[in-house]
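Taking it in order: structure first as structure tokens, then the write-up.
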Amino acid sequence: MSACAPLTTTLLDLAHAMRQADIPLTIGGGFGLYLKQEHLRSTGDRTLLSRLPEPRATNDIDLFLRVDVLASLATMQQVARALTDLDFKVVENARYFQWQRTLVMGGMEQQVKIDLLVGPLGERPRTLKTDKLPRVRPRGKLQLHAYSTEEAIGIDRESTAIPVRGFRIDGTEDATEVFIPHAFTYLLMKLHAFADRREDARKDVGRHHAMDLYRIVAMMTEAEYHRTLELAQEYVEDQRVERARAIVAADFDTDTRLGVLRVREHRLYRDDLQLDEFLDVLKEVFPQP
């Protein structure tokens, strides 16, 4: 059984449960990168760097909902019903944007957590309740929130659709289509996340973010690479991009900086990874003035 099989099963279960709502599922975080890497492996598409670490196992799904979906009470009630039907329970210290279920697969109990997120809110619809940011939910009685991720620039309009196949928890073989954030969006999210956790005592979190940054760069196709440069220029004066440039300068400028040290410390690091090329691309996307 694949290390990410419980996540794939949960994703297919969720897509099936929400099939009538026709809600696009955008998957970020480590699982989104896992899905992209497996997809690239199956298609054989050429990527910017040839040497990738092994796919990273994870136990959570970062599920991004579009702003228009989140602003609709009726639609979010369908999402809430799907989570309840799939035996998800709220995570008490992250109510109500983190949910967890227990699966029994291969005779073993597996825990799967879903984080509900939303990208930049832009012109906030009146039906959206935002007075307790970063928590966001539709107006009305509903115990279901999303966590606002303002640095996820372009997540709704630049994401890439990929197929996902596997088995639902009842054993039914199934397939669905999900969206993976563009490399530019992913770089912004991971750079911000790394900076937010760089001093965290749980260094593994920082290591994961740093290695994910390498993975994002390495998995760019040529078209993604050129589009990433275009988007970086389009948003060059945006404060979220300005912060990303500062993070690259502080933590990824040379191979002795903290970000690169965290890549080297990761359990999936190998000596043949192309760190020089990785740093060159980061500095090309987020150059110093």
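Going by the structure tokens order, chains are called A, B, ..., each with residues numbered from 1, while ligands are numbered from 1 in the order shown.
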Residues within 6 Å of Phe97 of chain A, only C-alpha atoms, excluding chain neighbours under 2 positions, as a short mmCIF file (atom, residue, chain, number, x, y, z; two decimals) with C-alpha atoms, in the first residue's frame:
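Below is the file around31.cif, written as the result:
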```
data_model
loop_
_atom_site.label_atom_id
_atom_site.label_comp_id
_atom_site.auth_asym_id
_atom_site.auth_seq_id
_atom_site.Cartn_x
_atom_site.Cartn_y
_atom_site.Cartn_z
CA ARG A 95 -12.13 24.52 15.03
CA ASP A 115 -7.21 21.67 6.31
CA LEU A 116 -9.78 23.90 4.62
CA HIS A 145 -14.49 27.71 8.27
CA ALA A 146 -11.59 28.15 5.87
#
```
At a cut-off of 7 Å, using only C-alpha atoms, what residues contact Ile180 of chain A? Leave out same-chain residues fewer than 3 positions from it and give the result as a PDB file with N, CA and C atoms, in the first residue's frame.
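And here's result-v8.pdb as it stands now:
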```pdb
ATOM      1  N   THR A  26      -9.007  21.921  -5.235  1.00  0.00           N
ATOM      2  CA  THR A  26      -7.614  22.330  -5.427  1.00  0.00           C
ATOM      3  C   THR A  26      -6.808  21.849  -4.233  1.00  0.00           C
ATOM      4  N   ILE A  27      -5.778  21.059  -4.504  1.00  0.00           N
ATOM      5  CA  ILE A  27      -5.005  20.411  -3.455  1.00  0.00           C
ATOM      6  C   ILE A  27      -3.612  21.022  -3.391  1.00  0.00           C
ATOM      7  N   GLY A  28      -3.270  21.609  -2.263  1.00  0.00           N
ATOM      8  CA  GLY A  28      -1.950  22.190  -2.064  1.00  0.00           C
ATOM      9  C   GLY A  28      -1.120  21.353  -1.119  1.00  0.00           C
ATOM     10  N   GLY A  32      -0.366  17.779  -2.517  1.00  0.00           N
ATOM     11  CA  GLY A  32      -0.467  18.303  -3.877  1.00  0.00           C
ATOM     12  C   GLY A  32       0.808  18.070  -4.662  1.00  0.00           C
ATOM     13  N   SER A 159      -4.161  27.289 -11.680  1.00  0.00           N
ATOM     14  CA  SER A 159      -3.970  25.892 -11.275  1.00  0.00           C
ATOM     15  C   SER A 159      -4.069  24.938 -12.465  1.00  0.00           C
ATOM     16  N   THR A 160      -3.455  23.771 -12.308  1.00  0.00           N
ATOM     17  CA  THR A 160      -3.398  22.759 -13.365  1.00  0.00           C
ATOM     18  C   THR A 160      -4.220  21.543 -12.968  1.00  0.00           C
ATOM     19  N   ALA A 161      -5.052  21.056 -13.886  1.00  0.00           N
ATOM     20  CA  ALA A 161      -5.874  19.875 -13.620  1.00  0.00           C
ATOM     21  C   ALA A 161      -5.066  18.608 -13.857  1.00  0.00           C
TER      22      ALA A 161
END
```
Best match for closeness to Thr127 of chain A among A:Gly107, A:Ala249, A:Asp68, A:Ala183, counting only C-alpha atoms:
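Smallest distance to Thr127 of chain A is found for A:Asp68.
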Where in segment 23-250 of chain A does DSSP assign alpha helix (DSSP H), given as a PyMOL selection string?
chain A and resi 29-43+67-70+73-85+183-197+203-218+222-234+239-250
Writing out the chosen residues with C-alpha atoms as a PDB file, in the first residue's frame:
```pdb
ATOM      1  CA  GLY A  29       0.681  21.311   0.518  1.00  0.00           C
ATOM      2  CA  GLY A  30       2.824  18.210   0.479  1.00  0.00           C
ATOM      3  CA  PHE A  31       0.044  16.003  -0.881  1.00  0.00           C
ATOM      4  CA  GLY A  32      -0.467  18.303  -3.877  1.00  0.00           C
ATOM      5  CA  LEU A  33       3.239  18.017  -4.671  1.00  0.00           C
ATOM      6  CA  TYR A  34       3.035  14.237  -4.246  1.00  0.00           C
ATOM      7  CA  LEU A  35       0.145  14.068  -6.744  1.00  0.00           C
ATOM      8  CA  LYS A  36       2.023  16.257  -9.205  1.00  0.00           C
ATOM      9  CA  GLN A  37       5.205  14.191  -8.927  1.00  0.00           C
ATOM     10  CA  GLU A  38       3.304  10.947  -9.483  1.00  0.00           C
ATOM     11  CA  HIS A  39       1.522  12.504 -12.466  1.00  0.00           C
ATOM     12  CA  LEU A  40       4.806  13.642 -14.009  1.00  0.00           C
ATOM     13  CA  ARG A  41       6.247  10.193 -13.433  1.00  0.00           C
ATOM     14  CA  SER A  42       3.347   8.656 -15.378  1.00  0.00           C
ATOM     15  CA  THR A  43       3.474  11.139 -18.277  1.00  0.00           C
ATOM     16  CA  VAL A  67     -13.930  32.371  -2.786  1.00  0.00           C
ATOM     17  CA  ASP A  68     -17.282  32.041  -4.589  1.00  0.00           C
ATOM     18  CA  VAL A  69     -17.735  28.528  -3.142  1.00  0.00           C
ATOM     19  CA  LEU A  70     -16.900  29.735   0.361  1.00  0.00           C
ATOM     20  CA  LEU A  73     -23.948  29.127   2.492  1.00  0.00           C
ATOM     21  CA  ALA A  74     -25.859  26.458   0.545  1.00  0.00           C
ATOM     22  CA  THR A  75     -22.710  25.145  -1.120  1.00  0.00           C
ATOM     23  CA  MET A  76     -20.725  25.109   2.106  1.00  0.00           C
ATOM     24  CA  GLN A  77     -23.575  23.235   3.789  1.00  0.00           C
ATOM     25  CA  GLN A  78     -23.042  20.546   1.140  1.00  0.00           C
ATOM     26  CA  VAL A  79     -19.339  20.457   2.001  1.00  0.00           C
ATOM     27  CA  ALA A  80     -20.210  20.136   5.700  1.00  0.00           C
ATOM     28  CA  ARG A  81     -22.617  17.259   4.963  1.00  0.00           C
ATOM     29  CA  ALA A  82     -19.942  15.477   2.915  1.00  0.00           C
ATOM     30  CA  LEU A  83     -17.467  15.717   5.802  1.00  0.00           C
ATOM     31  CA  THR A  84     -20.081  14.430   8.265  1.00  0.00           C
ATOM     32  CA  ASP A  85     -21.066  11.553   5.963  1.00  0.00           C
ATOM     33  CA  ALA A 183       4.570  26.637  -9.394  1.00  0.00           C
ATOM     34  CA  PHE A 184       4.556  30.422  -8.837  1.00  0.00           C
ATOM     35  CA  THR A 185       1.725  30.128  -6.301  1.00  0.00           C
ATOM     36  CA  TYR A 186       3.401  27.170  -4.623  1.00  0.00           C
ATOM     37  CA  LEU A 187       6.719  29.026  -4.318  1.00  0.00           C
ATOM     38  CA  LEU A 188       5.033  31.973  -2.635  1.00  0.00           C
ATOM     39  CA  MET A 189       3.161  29.756  -0.185  1.00  0.00           C
ATOM     40  CA  LYS A 190       6.199  27.664   0.704  1.00  0.00           C
ATOM     41  CA  LEU A 191       8.561  30.641   1.053  1.00  0.00           C
ATOM     42  CA  HIS A 192       6.128  32.358   3.398  1.00  0.00           C
ATOM     43  CA  ALA A 193       5.584  29.121   5.327  1.00  0.00           C
ATOM     44  CA  PHE A 194       9.339  28.548   5.656  1.00  0.00           C
ATOM     45  CA  ALA A 195       9.905  32.070   6.970  1.00  0.00           C
ATOM     46  CA  ASP A 196       7.055  31.703   9.453  1.00  0.00           C
ATOM     47  CA  ARG A 197       8.602  28.480  10.829  1.00  0.00           C
ATOM     48  CA  LYS A 203      12.840  21.927  12.741  1.00  0.00           C
ATOM     49  CA  ASP A 204      11.291  19.126  10.689  1.00  0.00           C
ATOM     50  CA  VAL A 205       8.548  21.550   9.646  1.00  0.00           C
ATOM     51  CA  GLY A 206      11.142  23.940   8.227  1.00  0.00           C
ATOM     52  CA  ARG A 207      12.982  21.061   6.566  1.00  0.00           C
ATOM     53  CA  HIS A 208       9.799  19.930   4.831  1.00  0.00           C
ATOM     54  CA  HIS A 209       9.089  23.436   3.531  1.00  0.00           C
ATOM     55  CA  ALA A 210      12.674  23.834   2.294  1.00  0.00           C
ATOM     56  CA  MET A 211      12.702  20.475   0.502  1.00  0.00           C
ATOM     57  CA  ASP A 212       9.283  21.241  -0.981  1.00  0.00           C
ATOM     58  CA  LEU A 213      10.746  24.435  -2.454  1.00  0.00           C
ATOM     59  CA  TYR A 214      13.400  22.347  -4.213  1.00  0.00           C
ATOM     60  CA  ARG A 215      10.706  19.943  -5.415  1.00  0.00           C
ATOM     61  CA  ILE A 216       8.558  22.796  -6.795  1.00  0.00           C
ATOM     62  CA  VAL A 217      11.452  24.189  -8.837  1.00  0.00           C
ATOM     63  CA  ALA A 218      12.597  20.769  -9.995  1.00  0.00           C
ATOM     64  CA  GLU A 222       9.392  24.581 -19.480  1.00  0.00           C
ATOM     65  CA  ALA A 223       5.993  26.227 -19.928  1.00  0.00           C
ATOM     66  CA  GLU A 224       5.544  26.547 -16.159  1.00  0.00           C
ATOM     67  CA  TYR A 225       8.992  28.037 -15.781  1.00  0.00           C
ATOM     68  CA  HIS A 226       8.312  30.784 -18.340  1.00  0.00           C
ATOM     69  CA  ARG A 227       4.852  31.461 -16.886  1.00  0.00           C
ATOM     70  CA  THR A 228       6.383  31.672 -13.390  1.00  0.00           C
ATOM     71  CA  LEU A 229       8.763  34.384 -14.590  1.00  0.00           C
ATOM     72  CA  GLU A 230       5.832  36.230 -16.193  1.00  0.00           C
ATOM     73  CA  LEU A 231       3.765  36.077 -13.000  1.00  0.00           C
ATOM     74  CA  ALA A 232       6.713  37.211 -10.882  1.00  0.00           C
ATOM     75  CA  GLN A 233       7.033  40.258 -13.117  1.00  0.00           C
ATOM     76  CA  GLU A 234       3.274  40.863 -13.153  1.00  0.00           C
ATOM     77  CA  GLN A 239       4.025  43.119  -0.949  1.00  0.00           C
ATOM     78  CA  ARG A 240       3.611  39.319  -0.848  1.00  0.00           C
ATOM     79  CA  VAL A 241       6.155  38.986  -3.654  1.00  0.00           C
ATOM     80  CA  GLU A 242       8.391  41.582  -2.016  1.00  0.00           C
ATOM     81  CA  ARG A 243       8.418  39.449   1.123  1.00  0.00           C
ATOM     82  CA  ALA A 244       9.279  36.363  -0.961  1.00  0.00           C
ATOM     83  CA  ARG A 245      12.268  38.217  -2.451  1.00  0.00           C
ATOM     84  CA  ALA A 246      13.435  39.126   1.042  1.00  0.00           C
ATOM     85  CA  ILE A 247      13.141  35.491   2.187  1.00  0.00           C
ATOM     86  CA  VAL A 248      15.164  34.267  -0.801  1.00  0.00           C
ATOM     87  CA  ALA A 249      17.840  36.888  -0.088  1.00  0.00           C
ATOM     88  CA  ALA A 250      18.024  35.954   3.600  1.00  0.00           C
TER      89      ALA A 250
END
```
Name all residues at most 8 Å from Gly119 of chain A (count only C-alpha atoms; drop same-chain ones fewer than 6 positions away) and give them as a compact mmCIF listing (two decimals) with C-alpha atoms, in the first residue's frame.
```txt
# COMPACT_ATOMS: atom_id res chain seq x y z
CA PHE A 64 -8.39 25.10 -1.16
CA LEU A 65 -11.93 26.31 -1.77
CA ARG A 66 -12.67 29.10 -4.24
CA VAL A 67 -13.93 32.37 -2.79
CA SER A 148 -7.30 32.66 4.57
CA THR A 149 -4.00 32.26 2.68
CA GLU A 150 -3.41 35.65 1.11
CA GLU A 151 -0.02 34.71 -0.35
CA ALA A 152 -1.62 32.08 -2.64
CA ILE A 153 -1.66 34.47 -5.60
CA ILE A 155 -4.52 29.84 -7.07
CA ASP A 156 -7.93 29.98 -8.75
```
Who sits within 7 Å of Ile162 of chain A, only C-alpha atoms, same chain under 5 positions skipped, as a list of chain:residue names
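These residues fall inside the cut-off: A:Glu177, A:Val178, A:Phe179.
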Residues near segment 48-53 of chain A, cut-off 6 Å, only C-alpha atoms, skip fewer than 6 positions along chain, as an NGL selection string
:A and (218 or 220-221 or 268 or 273)
What does the file look like for those residues with N, CA and C atoms, as a compact mmCIF listing (two decimals), in the first residue's frame?
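Final file, out.txt:
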```txt
# COMPACT_ATOMS: atom_id res chain seq x y z
N ALA A 218 12.18 21.91 -9.19
CA ALA A 218 12.60 20.77 -9.99
C ALA A 218 11.48 20.27 -10.90
N MET A 220 9.03 21.94 -12.33
CA MET A 220 8.50 22.85 -13.35
C MET A 220 8.74 22.29 -14.75
N THR A 221 7.70 22.36 -15.58
CA THR A 221 7.91 22.12 -17.01
C THR A 221 8.44 23.42 -17.61
N LEU A 268 15.19 13.03 3.02
CA LEU A 268 15.15 12.62 1.62
C LEU A 268 16.26 13.28 0.78
N LEU A 273 21.33 15.92 -5.67
CA LEU A 273 20.32 16.94 -5.94
C LEU A 273 21.01 18.21 -6.44
```
May I ask which of the residues A:Gly259, A:Ala57, A:Lys113, A:Gln274 is the closest one to Val91 of chain A, counting only C-alpha atoms?
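Looking at the shortest contact to Val91 of chain A, the residue is A:Lys113.
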In Å to one decimal, how far is atom CA of Val263 of chain A from atom CA of Trp99 of chain A?
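Rounded to one decimal, the two atoms are 29.6 Å apart.
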Gap from atom CA of Asp87 of chain A to atom CA of Cys4 of chain A - Å, one decimal
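So the two atoms, atom CA of Asp87 of chain A and atom CA of Cys4 of chain A, lie 19.1 Å apart.
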Selection near Ala5 of chain A, 9 Å with only C-alpha atoms, sequence-local residues under 5 positions removed, as a PyMOL selection string:
chain A and resi 10+105+166-167
Just list as a VMD selection string whatever in segment 149-226 of chain A DSSP marks as strand (DSSP E).
chain A and resid 160 to 167 173 to 180
